[in-house]
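> Below you will find the structure I want to go over with you.
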Amino acid sequence: MERVADTMSERVYTPIRRSGWKFYLASIILLGIVGWGVYAYILQINYGLGITGMNRPLYWGIYMANFVFFIGISHAGTLISAILRVTQAEWRRPITRCAEVITVLALMFGAASVIIDLGRPDRVMNVLKHGRLQSPILWDVCCISVYLTGSIIYLYLPLIPDLAILRDKGIGHTWLYKILALGYRGTEKQKKHLESMIGIMAVLIIPIAISVHTVVSYIFATTLQPAWHSTVFGPYFVVGAIFSGIAGLMIAMAVIRRSLGLQGVLKNIHFNNLGLLLLAMNCIMIYFTFNIYLVEITGNEPSIMSVVMQKVSGEYFILFWGMIIFGFIVPAIILAFPKGRSVAGCVTASVLILVGMWLERFLIIVPTLTRTRLPWPEGFYYPTWIEWSITAGCIAAFIFLYILFAKFFPIVSVWEVKEGRELAIPHVTERVKEYMPEGLSELDH
Amino acid sequence: MKKLLASFIRLFEPKEREERFQSSDSIVTEGPARRTILQYLAGAMSGVFAFLYIPKLFVKDLLNQHSTGKVQLPKWGMVIDLDKCTTCGGCVVSCRAENNVPIAGADQADKARMIFWMDILVEQEGEYPDIKMRGMPTPCNHCENAPCVKVCPVGATYISEEGIVAQIWARCIGCRYCTTACPYTRRYFNWEAPQWSEEYKNQLNPDVATRPKGVVEKCTFCHHRIRKIREQAKIEGQALTDENFRYLPACAQACPAKAITFGDLNNPNSEVSRLKKSPRAFHLQEELGTNPKVTYLRSAKWKE
């Protein structure tokens, strides 16, 4: 048993100890894409947003879709790990860390997408200087910065014992771990404090996470534009965020499992359990989508109907039906069967879901803007290579930073997994014993 | 430098905990040095926050109180008589010239990037050659309950005390939330740096600032003309009447049919107040509750 643990932590430490050719190859490819994206952004700064495909009345394009998408992905981590921690799901232990890293990085790129979308990024500090709390964008600024701070703390706290282990073992960049471990030695009192802090953060982070995506939806829902002005947008966005977040997490888990040889830690049961959670979110998504379109179509309000028809049978019908079938229905079918919840099945479903959810964000933003309320010549939108390059650059940078994290810190929480193996069975036995009926023996007879 | 770094790192090394904390339940378990650093950091951050926000909150309130004077300010409004309008486009051209509206050029126009503070909304019926067309001049509606003003994150757009929905382009961050939120799509974004032909550059109006790239711009009801006429009246010692304002904005002045009337809606005797009561009066998309200050007149239905 002890040997298995050692190989597990050793495997987690492998990328910290040395970098193989695969890492360099991946870095070169990813940094190449990032460089290309940066080049495109420099062009955009020089020429202005005229270099994109946006126009009047289509003032928001795929940058806004990326913003909503990245913020959605960020709900993978902290929210899921917090929920699993609060509900004391013991299978959470090996997946919390890699989930929380997704949150921190995705949030950064979500915020970056908005700044990329600005006409005057040089004036972004005006949001703090002249900020008006009346505007939903400022609500977003508040919520996202609280969430980012919170999730960095929530990522950092459970990292401390791992950093202390690395420091004591003298692996990798010891000077860094010396600073970041804050002198943690694993005494009883330190452990108690750490656990209570993690517990507090886990509870705090759940409402913050929900507020973030609700507020993102308010950007759209608080305007008068047809098909945006809807009360369902808050929960719809939150569910969509968790949905795409779990999908992103499962892909990350599969990659980590494969590249570090952690089949014994990130087991099939983890994919099965997360797959069930994903299936639940998938069903809620289908339910919400059905609700939205049923209400919009039966209401038959002309301005809204022209947007709906644009999606159902107009210019975006391929994207729309592609999203419905391959983003929602096919993954639900895959995940509904126990065999489909294997690693391969989960990853297939996750890829479909991620593409589908990006399309969903795109289809919320763009068709509405092509059909504004006044009978203005209808809008059109074709993203240019600049927009695609910057998007690709963001995604590549996100993946690169994720890999870089695994280079510096253990991507699986070693101490938690160890603790789980030592304490989980007695704890759970104890807990289950509490559920057992008592004092009823007389009734049975 | 290296020594300094080493001593900094040494701060974080695990130490034997000091006994004096034994009885207390304090979270801080290590030596006092780090605590001081954290305290300084927290103090500095809250100081910066307080410095940025607290004075602003109070000063703003004071200013607002101060500004509610006793003098009744005018509330500017416009009436456009569609029965008189010939869709000649004179208002569009004069507005461009007056307000230094940049010229998009053919390429950008193909991409729907033109800027028209005053535009003519055209509706077309039938197939070529049997076409019926109607036009409707559409400036900014200067809504009382403006959807664009509500969403601006930096206060770059606001309703002035005289009811004009104004745009501070030196502050605008170009997020284009206001353009998206406006149900009339009456706001325009500078997709590129503004361009004029050489000849045109010599004719730019010195009374109106040109806008840089990346900001939103819009109709201002020619507020610079209002200011100018007031200054002139002050110098000449004359009182201004409704007559002076009636055709003041560039679009109203240029309209050969005198279809556009401008004036003070707070003055019950002004021409706009009188016309606004007309049974022919309507507003664009009244059902949205934006309460526009641009009123349209027509005897027949818009869709005849």
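Identifiers for the structure tokens are assigned positionally: chains receive A, B, ... in sequence, residues are indexed from 1 per chain, and ligands are indexed from 1 in the order shown.
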I want to know what sits within 7 Å of A:Val414, based on only C-alpha atoms, with residues of the same chain fewer than 4 positions away left out; could you give that as a PyMOL selection string?

chain A and resi 9+162+418

> Mind writing the picked residues with C-alpha atoms as a PDB file, in the first residue's frame?


```
ATOM      1  CA  SER A   9       3.429  11.172  -5.403  1.00  0.00           C
ATOM      2  CA  ASP A 162       1.976  19.949  -0.425  1.00  0.00           C
ATOM      3  CA  LYS A 418      -2.786  10.314   1.469  1.00  0.00           C
TER       4      LYS A 418
END
```

> Name all residues at most 9 Å from B:Ile115 (count only C-alpha atoms; drop same-chain ones fewer than 4 positions away) and give them as a VMD selection string.

chain B and resid 96 101 to 104 119 187 to 190 217 to 218

> I'd like the contact shell of B:Pro212 - 12 Å cut-off, only C-alpha atoms, skipping same-chain residues fewer than 4 positions apart - returned as a PyMOL selection string.

(chain A and resi 47-48+119-120) or (chain B and resi 100-102+168-174+189-195+216-217)

> Where does DSSP see strand (DSSP E or B) in stretch 57-255 of chain B, if you list the residues as an MDAnalysis selection string?

chainID B and resid 76:81 119:125 132:138 157:159 165:167 188:189 216:217

> Grab the residues selected above and save them as a compact mmCIF listing (two decimals), in the first residue's frame with C-alpha atoms.


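And here is the file that came out, out.txt:
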```txt
# COMPACT_ATOMS: atom_id res chain seq x y z
CA TRP B 76 -34.58 70.27 -24.75
CA GLY B 77 -36.78 68.35 -27.12
CA MET B 78 -37.36 67.95 -30.83
CA VAL B 79 -40.43 67.45 -32.96
CA ILE B 80 -40.13 65.96 -36.44
CA ASP B 81 -43.15 66.35 -38.69
CA ASP B 119 -29.87 59.25 -40.14
CA ILE B 120 -32.83 58.47 -42.34
CA LEU B 121 -34.48 55.19 -41.56
CA VAL B 122 -35.72 53.87 -44.89
CA GLU B 123 -38.42 51.35 -45.38
CA GLN B 124 -38.89 49.75 -48.75
CA GLU B 125 -41.88 48.00 -50.13
CA LYS B 132 -42.40 52.37 -52.62
CA MET B 133 -40.07 53.92 -50.10
CA ARG B 134 -40.58 55.92 -46.96
CA GLY B 135 -38.02 57.69 -44.84
CA MET B 136 -37.86 58.84 -41.28
CA PRO B 137 -35.14 61.13 -39.88
CA THR B 138 -33.77 59.53 -36.73
CA THR B 157 -22.66 58.84 -20.95
CA TYR B 158 -25.09 60.75 -18.78
CA ILE B 159 -28.21 62.88 -18.95
CA VAL B 165 -27.97 62.50 -23.30
CA ALA B 166 -24.31 63.39 -23.61
CA GLN B 167 -21.19 61.38 -24.23
CA TYR B 188 -22.05 54.90 -33.10
CA PHE B 189 -18.61 53.47 -32.50
CA VAL B 216 -18.67 55.85 -28.87
CA GLU B 217 -20.24 59.03 -30.25
```

> Calculated over only C-alpha atoms, which of the candidates A:Ile365, A:Ala241, A:Leu166, A:Ile205 has the smallest distance to chain B?

A:Ile365

> Could you write out, as a VMD selection string, all the residues of stretch 76-177 of chain B that DSSP marks as alpha helix (DSSP H)?

chain B and resid 90 to 99 105 to 110 147 to 151 177

> For each of B:Gly126, B:Pro147, B:Pro292, B:Pro139, take the minimum atom-to-atom distance to chain A, counting only C-alpha atoms, then give the residue where this is smallest.

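That would be B:Pro147, the residue with the smallest distance to chain A.
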
> Compile the contact shell of stretch 27-32 of chain A as an MDAnalysis selection string: residues with an atom at most 8 Å away, counting only C-alpha atoms, same-chain residues fewer than 2 positions apart removed.

chainID A and resid 23:25 34:36 396:397 399:400

> At what distance in Å, to one decimal, does atom CA of A:Ile152 lie from atom CA of B:Val151?

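Spanning atom CA of B:Val151 to atom CA of A:Ile152 is a straight-line distance of 29.3 Å.
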
> Taking only C-alpha atoms into account, which of B:Thr261, B:Asn99, B:Ser94, B:Thr185 comes nearest chain A?

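When distances to chain A are compared using only C-alpha atoms, the smallest one comes from B:Thr185.
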